[in-house]
Every structure is written in C-alpha cells, then in structure tokens.
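Printed here is structure-v6.cif (mmCIF, C-alpha atoms):
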data_coords
loop_
_atom_site.label_atom_id
_atom_site.label_comp_id
_atom_site.auth_asym_id
_atom_site.auth_seq_id
_atom_site.Cartn_x
_atom_site.Cartn_y
_atom_site.Cartn_z
CA MET G 27 -59.88 26.54 0.72
CA ARG G 28 -56.09 26.47 0.33
CA GLN G 29 -54.69 23.98 -2.11
CA GLN G 30 -52.72 21.30 -0.30
CA GLU G 31 -49.00 21.69 -0.94
CA LYS G 32 -46.82 18.78 -1.96
CA PRO G 33 -44.64 17.52 0.89
CA ARG G 34 -41.17 19.01 0.79
CA PRO G 35 -38.07 16.82 1.11
CA THR G 36 -36.82 16.53 4.66
CA HIS G 37 -33.22 17.21 3.56
CA GLU G 38 -31.68 20.15 1.70
CA LEU G 39 -29.09 20.08 -1.08
CA SER G 40 -28.66 23.79 -1.74
CA SER G 41 -25.96 24.67 0.81
CA PHE G 42 -23.99 21.52 0.08
CA ALA G 43 -24.29 22.17 -3.68
CA ARG G 44 -22.92 25.69 -3.25
CA TYR G 45 -19.91 24.28 -1.42
CA LEU G 46 -19.29 21.65 -4.13
CA ASN G 47 -19.55 24.22 -6.90
CA LYS G 48 -17.24 26.68 -5.15
CA VAL G 49 -14.51 24.22 -4.13
CA PHE G 50 -14.71 21.44 -6.73
CA ASP G 51 -16.45 23.18 -9.67
CA PHE G 52 -18.96 20.35 -9.40
CA ARG G 53 -21.56 21.79 -11.77
CA SER G 54 -19.16 22.39 -14.66
CA ALA G 55 -17.44 19.04 -14.16
CA SER G 56 -20.70 17.10 -14.13
CA ASP G 57 -21.87 18.93 -17.29
CA LEU G 58 -19.21 16.95 -19.18
CA LEU G 59 -20.63 13.54 -18.21
CA THR G 60 -22.21 11.48 -20.98
CA ASP G 61 -23.97 8.18 -21.57
CA SER G 62 -24.87 6.05 -24.59
CA ARG G 63 -28.38 7.47 -25.17
CA HIS G 64 -28.87 9.48 -28.37
CA GLN G 65 -29.98 13.08 -27.79
CA PRO G 66 -31.73 12.36 -24.46
CA GLU G 67 -34.28 14.80 -23.11
CA ILE G 68 -32.87 14.24 -19.60
CA SER G 69 -29.11 14.69 -19.74
CA ALA G 70 -26.57 12.32 -18.22
CA ALA G 71 -25.39 15.23 -16.06
CA ALA G 72 -28.87 15.62 -14.56
CA VAL G 73 -29.13 11.89 -13.93
CA PHE G 74 -25.76 11.91 -12.18
CA ARG G 75 -26.72 14.88 -10.00
CA ALA G 76 -29.94 13.15 -8.98
CA VAL G 77 -28.17 9.89 -8.13
CA PHE G 78 -25.43 11.79 -6.31
CA HIS G 79 -28.15 13.48 -4.24
CA GLY G 80 -29.54 10.05 -3.35
CA LEU G 81 -26.08 8.83 -2.35
CA VAL G 82 -25.30 11.87 -0.18
CA PHE G 83 -28.60 11.62 1.69
CA ARG G 84 -28.57 7.81 1.77
CA LEU G 85 -31.86 7.30 0.02
CA THR G 86 -32.68 3.62 -0.03
CA SER G 87 -34.27 3.26 -3.49
CA PHE G 88 -34.95 4.94 -6.83
CA GLN G 89 -38.58 5.14 -5.72
CA GLN G 90 -37.58 7.31 -2.78
CA LEU G 91 -35.40 9.40 -5.09
CA GLN G 92 -38.36 9.92 -7.43
CA SER G 93 -40.29 11.70 -4.69
CA ASP G 94 -37.52 14.30 -4.52
CA ILE G 95 -37.27 14.54 -8.31
CA ALA G 96 -40.99 15.47 -8.31
CA GLN G 97 -40.15 18.71 -6.46
CA PRO G 98 -39.74 21.75 -8.82
CA ALA G 99 -36.94 23.19 -6.68
CA PHE G 100 -35.01 19.95 -6.94
CA GLN G 101 -35.54 19.82 -10.70
CA ARG G 102 -34.04 23.30 -11.02
CA SER G 103 -31.07 22.29 -8.87
CA ILE G 104 -30.14 19.38 -11.13
CA GLY G 105 -30.92 21.23 -14.37
CA VAL G 106 -34.15 19.70 -15.73
CA GLU G 107 -37.57 21.15 -16.53
CA ARG G 108 -39.71 18.19 -15.51
CA ALA G 109 -39.77 15.12 -13.30
CA PHE G 110 -38.52 11.76 -14.57
CA GLY G 111 -38.78 8.20 -13.37
CA ASP G 112 -36.55 5.27 -12.57
CA ASP G 113 -36.65 4.09 -16.20
CA VAL G 114 -34.57 7.14 -17.18
CA LEU G 115 -32.20 6.47 -14.30
CA ARG G 116 -31.72 2.85 -15.37
CA TYR G 117 -31.24 3.56 -19.08
CA SER G 118 -28.71 6.29 -18.39
CA LEU G 119 -26.69 4.37 -15.81
CA CYS G 120 -26.56 1.22 -17.94
CA GLY G 121 -24.70 3.13 -20.65
CA PHE G 122 -22.82 5.68 -18.57
CA ASP G 123 -19.43 6.76 -19.92
CA LEU G 124 -17.01 5.79 -17.16
CA SER G 125 -14.06 7.64 -18.69
CA THR G 126 -15.69 11.05 -18.17
CA LEU G 127 -16.65 10.00 -14.66
CA GLU G 128 -13.04 9.04 -13.95
CA THR G 129 -11.87 12.43 -15.24
CA MET G 130 -14.21 14.06 -12.72
CA LEU G 131 -12.91 11.79 -9.94
CA VAL G 132 -9.29 12.72 -10.69
CA GLN G 133 -10.20 16.42 -10.64
CA VAL G 134 -11.88 16.06 -7.23
CA ASN G 135 -8.92 14.14 -5.76
CA ARG G 136 -6.41 16.64 -7.11
CA THR G 137 -8.41 19.45 -5.51
CA LEU G 138 -8.51 17.59 -2.19
CA LYS G 139 -4.74 17.26 -2.17
CA ARG G 140 -4.17 20.86 -3.32
CA ASN G 141 -6.45 22.06 -0.49
CA LYS G 142 -4.47 19.95 2.01
CA GLY G 143 -7.32 17.51 2.53
CA PHE G 144 -4.79 14.66 2.90
CA ASP G 145 -2.38 16.45 5.24
CA SER G 146 -4.07 15.45 8.48
CA GLY G 147 -3.07 11.87 9.20
CA ARG G 148 0.19 11.87 7.24
CA VAL G 149 2.60 9.25 8.58
CA GLN G 150 6.02 10.83 9.08
CA GLY G 151 4.97 13.40 6.51
CA ARG G 152 3.95 10.73 3.97
CA ILE G 153 0.56 10.10 2.36
CA VAL G 154 -0.44 6.43 2.52
CA ALA G 155 -2.59 4.51 0.03
CA ALA G 156 -3.74 0.89 0.02
CA LEU G 157 -4.71 -1.50 -2.73
CA ASP G 158 -7.16 -4.36 -2.40
CA GLY G 159 -9.51 -6.51 -4.44
CA ILE G 160 -13.29 -6.54 -4.16
CA GLU G 161 -16.05 -8.59 -5.76
CA VAL G 162 -19.09 -6.53 -6.70
CA LEU G 163 -21.68 -9.01 -8.03
CA SER G 164 -22.23 -12.62 -9.04
CA SER G 165 -24.88 -14.69 -10.84
CA TYR G 166 -25.53 -18.24 -11.96
CA SER G 167 -27.78 -17.19 -14.87
CA ARG G 168 -26.67 -13.81 -16.24
CA CYS G 169 -23.30 -13.03 -17.78
CA CYS G 170 -21.49 -10.71 -20.19
CA GLU G 171 -18.28 -10.81 -22.22
CA ALA G 172 -16.27 -9.37 -19.33
CA CYS G 173 -17.54 -11.86 -16.72
CA LEU G 174 -15.13 -14.06 -14.80
CA GLU G 175 -16.14 -17.67 -14.23
CA ARG G 176 -15.68 -20.20 -11.44
CA ARG G 177 -17.10 -23.61 -10.68
CA ILE G 178 -19.13 -23.94 -7.48
CA SER G 179 -19.73 -27.36 -5.92
CA TYR G 180 -23.06 -28.09 -4.27
CA VAL G 181 -25.09 -31.02 -2.91
CA GLU G 182 -28.66 -31.80 -4.03
CA ALA G 183 -31.40 -32.45 -1.48
CA ASP G 184 -30.98 -36.19 -2.07
CA GLY G 185 -27.24 -35.97 -1.34
CA THR G 186 -26.10 -36.05 -4.99
CA PRO G 187 -23.04 -33.80 -5.54
CA GLY G 188 -23.12 -31.33 -8.39
CA GLU G 189 -21.24 -28.41 -9.89
CA ARG G 190 -22.30 -25.27 -11.72
CA ILE G 191 -20.66 -22.19 -13.20
CA GLN G 192 -20.93 -18.89 -11.39
CA TYR G 193 -20.30 -15.61 -13.24
CA TYR G 194 -18.88 -12.65 -11.36
CA HIS G 195 -17.01 -9.35 -11.62
CA ARG G 196 -13.99 -8.43 -9.55
CA ALA G 197 -11.82 -5.32 -9.42
CA VAL G 198 -8.76 -3.97 -7.68
CA GLY G 199 -8.98 -0.48 -6.26
CA CYS G 200 -6.51 2.00 -4.78
CA GLN G 201 -7.60 4.28 -1.95
CA ILE G 202 -6.00 6.94 0.27
CA VAL G 203 -6.14 5.53 3.84
CA SER G 204 -4.00 7.84 5.99
CA ALA G 205 -6.31 10.89 5.85
CA PRO G 206 -9.75 11.48 7.41
CA VAL G 207 -11.00 11.76 3.81
CA LYS G 208 -10.39 8.38 2.15
CA PRO G 209 -11.20 8.69 -1.55
CA ILE G 210 -10.87 5.96 -4.14
CA LEU G 211 -8.18 6.99 -6.66
CA ALA G 212 -9.01 4.48 -9.39
CA ILE G 213 -10.17 0.91 -9.98
CA GLU G 214 -9.21 -1.70 -12.55
CA TRP G 215 -11.49 -4.58 -13.55
CA LEU G 216 -10.10 -8.08 -13.85
CA GLN G 217 -10.40 -9.49 -17.34
CA PRO G 218 -11.30 -13.15 -18.02
CA GLY G 219 -8.32 -15.41 -17.42
CA GLU G 220 -6.19 -12.99 -15.38
CA GLY G 221 -5.51 -12.58 -11.68
CA GLU G 222 -5.56 -9.63 -9.32
CA ASP G 223 -1.81 -9.15 -9.60
CA THR G 224 -2.00 -8.58 -13.37
CA ALA G 225 -4.83 -6.06 -12.99
CA ALA G 226 -2.94 -4.35 -10.15
CA LEU G 227 0.16 -3.76 -12.29
CA ARG G 228 -2.08 -2.20 -14.94
CA LEU G 229 -3.72 -0.05 -12.24
CA PHE G 230 -0.36 1.17 -10.88
CA ARG G 231 0.67 2.46 -14.29
CA ARG G 232 -2.69 4.12 -14.85
CA ILE G 233 -2.62 5.87 -11.46
CA ALA G 234 0.81 7.26 -12.30
CA GLU G 235 -0.58 8.54 -15.62
CA LEU G 236 -3.72 10.03 -14.04
CA TYR G 237 -2.17 11.66 -10.98
CA GLY G 238 1.60 11.63 -11.44
CA PRO G 239 3.78 9.10 -9.60
CA ARG G 240 4.13 11.12 -6.38
CA PHE G 241 0.47 11.72 -5.57
CA PHE G 242 1.04 9.47 -2.56
CA ASP G 243 4.21 8.05 -0.99
CA ILE G 244 3.53 4.67 0.64
CA LEU G 245 1.48 1.77 -0.71
CA LEU G 246 0.04 -0.97 1.53
CA LEU G 247 -0.46 -4.38 -0.09
CA ASP G 248 -1.72 -7.89 0.67
CA SER G 249 0.55 -10.95 0.55
CA LEU G 250 -0.58 -11.69 -3.02
CA TYR G 251 1.57 -8.77 -4.17
CA ALA G 252 4.83 -9.96 -2.58
CA GLN G 253 6.20 -10.47 -6.09
CA ALA G 254 9.25 -9.19 -7.96
CA PRO G 255 7.21 -7.48 -10.74
CA VAL G 256 5.26 -5.50 -8.11
CA LEU G 257 8.41 -4.42 -6.27
CA ARG G 258 10.13 -3.48 -9.53
CA LEU G 259 7.25 -1.29 -10.68
CA THR G 260 6.62 0.40 -7.31
CA GLN G 261 10.35 1.10 -7.05
CA GLU G 262 10.29 2.59 -10.56
CA LEU G 263 7.31 4.79 -9.65
CA GLY G 264 8.95 5.96 -6.42
CA TRP G 265 6.50 4.35 -3.99
CA ASP G 266 7.67 2.70 -0.78
CA VAL G 267 5.68 -0.40 0.15
CA VAL G 268 4.52 -2.35 3.18
CA ILE G 269 3.41 -5.83 2.10
CA ALA G 270 2.02 -8.67 4.20
CA LEU G 271 4.25 -11.74 4.01
CA LYS G 272 3.08 -15.35 4.18
CA GLN G 273 4.74 -18.71 3.69
CA GLU G 274 4.07 -18.66 -0.04
CA ARG G 275 7.17 -16.43 -0.30
CA ARG G 276 8.98 -19.38 1.26
CA GLU G 277 12.67 -18.43 0.95
CA LEU G 278 12.34 -14.97 2.46
CA TYR G 279 9.82 -16.18 5.05
CA GLN G 280 12.09 -18.97 6.28
CA ASN G 281 15.20 -16.77 6.37
CA ALA G 282 13.37 -14.14 8.45
CA MET G 283 11.77 -16.68 10.81
CA GLY G 284 15.15 -18.35 11.37
CA LEU G 285 16.53 -15.02 12.57
CA PHE G 286 13.51 -14.17 14.72
CA GLN G 287 13.31 -17.52 16.51
CA ALA G 288 16.92 -17.21 17.64
CA ARG G 289 16.34 -14.03 19.67
CA PRO G 290 13.79 -12.44 21.97
CA ALA G 291 11.35 -9.75 20.88
CA GLU G 292 12.93 -6.32 20.41
CA ARG G 293 9.84 -4.29 21.32
CA GLU G 294 6.80 -4.95 23.47
CA PHE G 295 3.79 -2.68 24.00
CA GLU G 296 0.08 -2.70 24.75
CA ARG G 297 -2.80 -1.02 22.94
CA GLN G 298 -6.24 -0.42 24.42
CA GLN G 299 -9.21 0.73 22.38
CA GLU G 300 -12.95 0.41 22.68
CA GLY G 301 -13.83 -3.24 23.23
CA GLU G 302 -10.29 -4.51 22.58
CA TYR G 303 -6.98 -5.00 24.40
CA ARG G 304 -3.91 -5.94 22.38
CA ARG G 305 -0.48 -7.04 23.68
CA VAL G 306 2.17 -6.88 20.94
CA GLN G 307 5.72 -8.23 20.57
CA LEU G 308 7.85 -7.13 17.60
CA TRP G 309 10.96 -8.40 15.82
CA GLN G 310 12.66 -7.02 12.73
CA ALA G 311 15.44 -8.00 10.34
CA GLU G 312 16.97 -5.58 7.85
CA ASP G 313 18.62 -5.84 4.43
CA LEU G 314 17.30 -9.31 3.55
CA PRO G 315 17.34 -10.04 -0.22
CA PHE G 316 13.82 -10.41 -1.56
CA THR G 317 14.81 -13.31 -3.84
CA GLN G 318 18.01 -14.60 -5.40
CA ASP G 319 16.81 -13.44 -8.81
CA PHE G 320 15.70 -10.03 -7.47
CA PRO G 321 17.93 -9.28 -4.45
CA LEU G 322 16.32 -5.96 -3.54
CA PRO G 323 17.12 -5.44 0.17
CA VAL G 324 13.95 -5.35 2.24
CA ARG G 325 13.11 -5.19 5.92
CA VAL G 326 10.93 -7.87 7.54
CA VAL G 327 8.89 -7.04 10.65
CA ARG G 328 7.18 -9.78 12.65
CA SER G 329 4.48 -9.30 15.28
CA GLU G 330 3.01 -11.74 17.77
CA GLU G 331 -0.22 -10.40 19.25
CA GLU G 332 -2.53 -11.46 22.04
CA VAL G 333 -5.90 -9.87 21.34
CA THR G 334 -8.69 -9.81 23.91
CA ARG G 335 -12.11 -8.60 22.75
CA ARG G 336 -15.36 -8.11 24.62
CA LYS G 337 -18.21 -10.10 23.08
CA VAL G 338 -21.75 -11.12 23.86
CA GLN G 339 -22.53 -14.83 23.77
CA GLY G 340 -25.90 -16.24 24.75
CA GLY G 341 -26.97 -12.78 25.83
CA LYS G 342 -24.12 -12.53 28.34
CA PRO G 343 -20.96 -10.38 28.06
CA CYS G 344 -17.69 -12.29 27.93
CA GLN G 345 -14.10 -11.94 26.77
CA GLN G 346 -12.40 -13.88 24.00
CA THR G 347 -8.63 -14.00 23.57
CA THR G 348 -6.91 -14.99 20.32
CA ARG G 349 -3.27 -15.13 19.24
CA GLN G 350 -2.16 -13.70 15.92
CA GLN G 351 1.10 -13.58 13.99
CA TRP G 352 1.87 -11.14 11.20
CA LEU G 353 4.89 -10.56 8.99
CA TRP G 354 5.41 -7.57 6.71
CA ILE G 355 8.13 -6.64 4.28
CA SER G 356 8.92 -2.98 3.73
CA THR G 357 11.19 -0.76 1.66
CA LEU G 358 10.84 2.11 4.17
CA GLU G 359 14.00 3.36 5.84
CA GLY G 360 14.34 1.98 9.36
CA GLN G 361 15.36 5.11 11.25
CA ALA G 362 12.32 7.16 10.16
CA PHE G 363 9.97 4.16 10.19
CA PRO G 364 10.82 1.87 13.14
CA ALA G 365 9.13 -1.48 13.60
CA PRO G 366 6.13 -0.13 15.61
CA LEU G 367 5.33 2.21 12.73
CA ILE G 368 5.47 -0.66 10.20
CA TRP G 369 3.11 -2.57 12.51
CA GLN G 370 0.77 0.43 12.53
CA LEU G 371 0.82 0.68 8.73
CA GLY G 372 0.21 -3.06 8.34
CA HIS G 373 -2.87 -2.85 10.54
CA LEU G 374 -4.05 0.30 8.75
CA ARG G 375 -4.51 -1.80 5.60
CA LEU G 376 -6.47 -4.42 7.54
CA GLU G 377 -8.78 -1.77 9.02
CA LYS G 378 -9.34 -0.27 5.56
CA ARG G 379 -10.23 -3.68 4.12
CA GLU G 380 -12.76 -4.38 6.89
CA GLN G 381 -14.43 -1.02 6.25
CA TRP G 382 -14.48 -1.58 2.48
CA LEU G 383 -16.09 -5.00 2.79
CA GLU G 384 -18.80 -3.90 5.25
#

Rendering of file as structure tokens:
Amino acid sequence: MRQQEKPRPTHELSSFARYLNKVFDFRSASDLLTDSRHQPEISAAAVFRAVFHGLVFRLTSFQQLQSDIAQPAFQRSIGVERAFGDDVLRYSLCGFDLSTLETMLVQVNRTLKRNKGFDSGRVQGRIVAALDGIEVLSSYSRCCEACLERRISYVEADGTPGERIQYYHRAVGCQIVSAPVKPILAIEWLQPGEGEDTAALRLFRRIAELYGPRFFDILLLDSLYAQAPVLRLTQELGWDVVIALKQERRELYQNAMGLFQARPAEREFERQQEGEYRRVQLWQAEDLPFTQDFPLPVRVVRSEEEVTRRKVQGGKPCQQTTRQQWLWISTLEGQAFPAPLIWQLGHLRLEKREQWLE
C-alpha cells in the first residue's frame, strides 16, 4: 500500500523566486537581514523569506503559513533544514532589525528606477511621489516608550461621561504614485510630543540621503504641509510641490479667493469613469507670495466640481450628486503644467490616500 503523500501547496514560489534573485538579487540581500535573537537556529533571513512568501500569496494567518513551512521543498527554498512554528516567527519579527530591512528596500527601489519601472505614468516626464500620515495600531491597555497618547471621551451605560487615555503609533510615509508600481520609499515614526509636519521634515532629509534628492521630481502633500519650513526644504532639495490649500493658510487663501470670485472659470471639462461623472470648473492665479515672511511665488489652482455617483440604497440603484471645492498651491511652471494637470495631480494624491487606507 502506497504511503499517503503530504498535500502540496496550491501555489508555487520557485519561478517568482528566480525572477527576484535575477533582477533584485533578493537572496543575497535577504541574507543580510538580522534580528535581536542570539545565534538562532532559524535565521532572520529564513523568517523573512517565509513571511514574504505569505505576503505574496496572501496567506491569512501564520497557521496557514506553517502548512507550507512543513513542506521540504519550501524549507529548501527559504534556506532551512527543518520546519518551524509561529513562535519562531513571532520572536524574530518582534526584534527585527529595521535598518537592514530599509537597506534592502532602498536597493529594490533603486533597481526599479534603473530598470525603468517608474517610466510608465510619468507626468510631463516627471516622477511623482506623495506623502501622507497613517495610524497603524492603538490600545487602551498596552503601551511602549514610543507610544503617542490622546484622551478619548466616552459615556457610561448610565449616561456618566468619562475619559481615558489611548496609546497609538503613527507614521508618515512617502510613496511613488505616478507609476503602475507604487513602492513605499521610506517611513518615519512620530515621536511623543511631535506632529506629522516635524516627522515629515525629518523624512524628507532621510529620503534625500537614502536615494539622492532627484530620485523623484514632484511631491504631493496635504494641507497640513502648507508651511514655510516645508517649502524651504523641498525647494532646497529640488522638488516641486502640489499642496492642498485650506483656510488655515488664511492670507494666501483669501487673496486667491478674492481673485477667483471676480472672474468666471477659465477652464471647464467633464470626466466620466466607472460609476462616476464629474463636471469641473477651474481657476488659477500665478505669482502669489506664499506669506509676507516667506514671499516665495506660488500658483494657486481652484476647482469647483459637481460629482454624480451611482449608488445602491435600500437595494435599489440611484444617483447621488455632491459639490466639492479644492484649492492647491504649486511651484510647477505654468506652461508645462497647466491648471488641468495640477487638478489631475491633486486628485492623484487623494486616490493614493484612499487606496492606502483601505
């Protein structure tokens, strides 16, 4: 009677691994990864390769990953001589050396650019990146030295109001958004007592050190970053910017709106995509001083948009129309980047943020 064979994984890593090793030198790069364990039997490199396998094939748990780790062929592919469990995965990942992982990330991104992976999707020949903040976890009971804190109000069952401290981690990250491949370039964690803008300035300098200042050309930013220190540093690094503008930047906002309200829209167009119809009107004003203290000339583009989307309410299809207004400031030259292109770049950041937060 034939011995029953163990079930084989329904997905294969070998061909993909050959591609990674050939193009990105994945095996050699991952060999340099380390963690805080002392002389581990299962190396950090093997742990990373196993977890990377789970990410690529969208395995839903370490338990599911363990079934693949039990396969001798898979063990050989990640460089171990025996199976290991989720305890090894947890211990390794808890003390993983992020600096070596970042070195590997930079190498991969440099290879992508060298192999023209960012060329498709360039905007007027420029590579576009976007920066945004993201919260990754929160807890009312567990914290560490690097945790941020906030007070959350709540109401007891008997109606008594209360307040408790919530601990959380938040980071700012920079990502290429103009190309079909949209890799994260780097992230910077907020430290206790500081805001996103402070962490972002630190991240800008580190990206320039990691990649060189001209790895990308245009940076898309939220209204939080409509600040003189941000414009000074991006100008120093050679990056053009497109930044959302809100009333918090009151002087520039009012000057631009005063000009726009005195004249009709300069451009009108319609955009149709799946499930959405958008009617857009655009205005622009050039060479406005950012502030009196920092009179860098910037361009302000305003859009008024009527957006109609198909929805389902109560089990029945319907249409819902909303009106939106957006303002952006930009350092991009007007002839090469007319107002419709600034509008496109402004919405590119919004689309990236929605995808990131999903």

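Against this structure, the PyMOL selection byres ((chain G and resi 115) around 10) ends up with Ile68, Ala70, Ala72, Val73, Phe74, Ala76, Val77, Phe88, Gln92, Phe110, Gly111, Asp112, Asp113, Val114, Arg116, Tyr117, Ser118, Leu119 and Cys120 of chain G.
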
Select from range 348-370 of chain G every residue with an atom at most 10 Å from any atom of range 241-255 of chain G, then for each give the shortest pair of atoms and their distance in Å to one decimal, using all atoms listed in the file, rows by chain and rising number, as JSON lines.
{"residue": "G:Leu353", "atom": "CA", "partner": "G:Ser249", "partner_atom": "CA", "distance": 9.5}
{"residue": "G:Trp354", "atom": "CA", "partner": "G:Ser249", "partner_atom": "CA", "distance": 8.5}
{"residue": "G:Ile355", "atom": "CA", "partner": "G:Ala252", "partner_atom": "CA", "distance": 8.3}
{"residue": "G:Ser356", "atom": "CA", "partner": "G:Leu246", "partner_atom": "CA", "distance": 9.4}
{"residue": "G:Thr357", "atom": "CA", "partner": "G:Ile244", "partner_atom": "CA", "distance": 9.4}
{"residue": "G:Leu358", "atom": "CA", "partner": "G:Ile244", "partner_atom": "CA", "distance": 8.5}

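Nearest residue to Val268 in chain G among G:Ala172, G:Val333, G:Val324, G:Val82 is G:Val324, counting only C-alpha atoms.
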
message = Using all atoms listed in the file, which protein or nucleic acid residues come within 12 Å of Gly147 in chain G? Drop anything in the same chain fewer than 4 positions from it, and give the result as a ChimeraX atom specification.
response = /G:142-143,151-155,202-208,371,374

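Using all atoms listed in the file, the shortest contact distance between Ser125 in chain G and any of G:Ala226, G:Leu59, G:Ala362, G:Val306 is found at G:Leu59.
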
key: Test item: residues at most 10 Å from Ser167 in chain G, all atoms listed in the file, excluding those fewer than 3 positions along its chain, as a list in words   = Ser164, Ile191, Gln192 and Tyr193 of chain G

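When the PyMOL selection byres ((chain G and resi 128) around 12) is evaluated against the file, it yields Ala55, Ser56, Leu58, Leu59, Thr60, Phe122, Asp123, Leu124, Ser125, Thr126, Leu127, Thr129, Met130, Leu131, Val132, Gln133, Val134, Asn135, Ile210, Leu211, Ala212, Ile213, Glu214, Arg232, Ile233, Leu236 and Tyr237 of chain G.
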
task = Quick one: everything within 10 Å of Asp313 in chain G, counting all atoms listed in the file, minus sequence neighbours fewer than 4 positions away in the same chain. Send it as JSON, numbers by chain.
result = {"G": [321, 322, 323, 324, 325, 326, 357]}

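Across the model, the gap from CA of Leu376 in chain G to CA of Arg349 in chain G is 16.2 Å.
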
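CA of Asp145 in chain G is found 27.5 Å from CA of Arg228 in chain G.
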
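Of note, CA of Glu312 in chain G and CA of Gly360 in chain G are spaced 8.1 Å apart.
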
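For the choices G:Arg53, G:Arg102, G:Arg304, G:Arg196, the atom-to-atom distance to Glu220 in chain G is smallest for G:Arg196 when using only C-alpha atoms.
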
ask   = So which residues get picked by the PyMOL selection byres ((chain G and resi 310) around 9) here, written as a VMD selection string?
value = chain G and resid 282 285 to 286 291 to 292 308 to 309 311 to 312 325 to 329 365

request  = Find the residues around Trp352 in chain G up to 9 Å (only C-alpha atoms counted), leave out those fewer than 4 positions away in its own chain, and share them as a PyMOL selection string.
outcome  = chain G and resi 270-272+327-331+369+372

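Of the residues listed (G:Thr186, G:Glu332, G:Ser179, G:Thr317), G:Glu332 shows the shortest atom-to-atom separation from Gln298 in chain G; distances use all atoms listed in the file.
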
ask   = Can you list, as number ranges by chain, every protein, DNA or RNA residue that comes within 9 Å of Glu161 in chain G when you count only C-alpha atoms, leaving out same-chain residues fewer than 2 positions away?
value = G: 159, 163-164, 194-198

Since fewer atoms than expected are present, regenerate N, CA and C atoms for range 286-309 of chain G and write them as an mmCIF file, keeping the file's coordinate frame.
data_model
loop_
_atom_site.group_PDB
_atom_site.id
_atom_site.type_symbol
_atom_site.label_atom_id
_atom_site.label_comp_id
_atom_site.auth_asym_id
_atom_site.auth_seq_id
_atom_site.Cartn_x
_atom_site.Cartn_y
_atom_site.Cartn_z
ATOM 1 N N PHE G 286 14.378 -14.599 13.623
ATOM 2 C CA PHE G 286 13.510 -14.170 14.720
ATOM 3 C C PHE G 286 13.465 -15.202 15.843
ATOM 4 N N GLN G 287 13.448 -16.479 15.495
ATOM 5 C CA GLN G 287 13.310 -17.520 16.510
ATOM 6 C C GLN G 287 14.562 -17.666 17.364
ATOM 7 N N ALA G 288 15.668 -17.093 16.906
ATOM 8 C CA ALA G 288 16.920 -17.210 17.640
ATOM 9 C C ALA G 288 17.129 -16.080 18.647
ATOM 10 N N ARG G 289 16.149 -15.155 18.757
ATOM 11 C CA ARG G 289 16.340 -14.030 19.670
ATOM 12 C C ARG G 289 14.992 -13.575 20.218
ATOM 13 N N PRO G 290 15.034 -12.914 21.372
ATOM 14 C CA PRO G 290 13.790 -12.440 21.970
ATOM 15 C C PRO G 290 13.237 -11.240 21.217
ATOM 16 N N ALA G 291 11.968 -10.904 21.511
ATOM 17 C CA ALA G 291 11.350 -9.750 20.880
ATOM 18 C C ALA G 291 12.121 -8.476 21.212
ATOM 19 N N GLU G 292 12.196 -7.573 20.234
ATOM 20 C CA GLU G 292 12.930 -6.320 20.410
ATOM 21 C C GLU G 292 12.066 -5.219 21.006
ATOM 22 N N ARG G 293 10.756 -5.297 20.791
ATOM 23 C CA ARG G 293 9.840 -4.290 21.320
ATOM 24 C C ARG G 293 8.597 -4.983 21.848
ATOM 25 N N GLU G 294 8.066 -4.477 22.936
ATOM 26 C CA GLU G 294 6.800 -4.950 23.470
ATOM 27 C C GLU G 294 5.973 -3.731 23.878
ATOM 28 N N PHE G 295 4.666 -3.775 23.578
ATOM 29 C CA PHE G 295 3.790 -2.680 24.000
ATOM 30 C C PHE G 295 2.360 -3.180 24.050
ATOM 31 N N GLU G 296 1.498 -2.356 24.623
ATOM 32 C CA GLU G 296 0.080 -2.700 24.750
ATOM 33 C C GLU G 296 -0.745 -1.594 24.110
ATOM 34 N N ARG G 297 -1.863 -1.980 23.525
ATOM 35 C CA ARG G 297 -2.800 -1.020 22.940
ATOM 36 C C ARG G 297 -4.200 -1.323 23.437
ATOM 37 N N GLN G 298 -4.871 -0.289 23.920
ATOM 38 C CA GLN G 298 -6.240 -0.420 24.420
ATOM 39 C C GLN G 298 -7.135 0.487 23.586
ATOM 40 N N GLN G 299 -8.197 -0.066 23.052
ATOM 41 C CA GLN G 299 -9.210 0.730 22.380
ATOM 42 C C GLN G 299 -10.569 0.149 22.732
ATOM 43 N N GLU G 300 -11.613 0.797 22.273
ATOM 44 C CA GLU G 300 -12.950 0.410 22.680
ATOM 45 C C GLU G 300 -13.228 -1.065 22.358
ATOM 46 N N GLY G 301 -13.474 -1.842 23.402
ATOM 47 C CA GLY G 301 -13.830 -3.240 23.230
ATOM 48 C C GLY G 301 -12.676 -4.160 22.915
ATOM 49 N N GLU G 302 -11.412 -3.661 22.978
ATOM 50 C CA GLU G 302 -10.290 -4.510 22.580
ATOM 51 C C GLU G 302 -9.021 -4.141 23.344
ATOM 52 N N TYR G 303 -8.300 -5.168 23.792
ATOM 53 C CA TYR G 303 -6.980 -5.000 24.400
ATOM 54 C C TYR G 303 -6.001 -5.845 23.598
ATOM 55 N N ARG G 304 -4.866 -5.261 23.257
ATOM 56 C CA ARG G 304 -3.910 -5.940 22.380
ATOM 57 C C ARG G 304 -2.495 -5.848 23.006
ATOM 58 N N ARG G 305 -1.869 -6.981 23.199
ATOM 59 C CA ARG G 305 -0.480 -7.040 23.680
ATOM 60 C C ARG G 305 0.383 -7.487 22.502
ATOM 61 N N VAL G 306 1.411 -6.696 22.180
ATOM 62 C CA VAL G 306 2.170 -6.880 20.940
ATOM 63 C C VAL G 306 3.646 -7.066 21.254
ATOM 64 N N GLN G 307 4.280 -8.044 20.580
ATOM 65 C CA GLN G 307 5.720 -8.230 20.570
ATOM 66 C C GLN G 307 6.210 -8.092 19.130
ATOM 67 N N LEU G 308 7.346 -7.396 18.952
ATOM 68 C CA LEU G 308 7.850 -7.130 17.600
ATOM 69 C C LEU G 308 9.304 -7.565 17.449
ATOM 70 N N TRP G 309 9.599 -8.102 16.263
ATOM 71 C CA TRP G 309 10.960 -8.400 15.820
ATOM 72 C C TRP G 309 11.150 -7.738 14.460
#
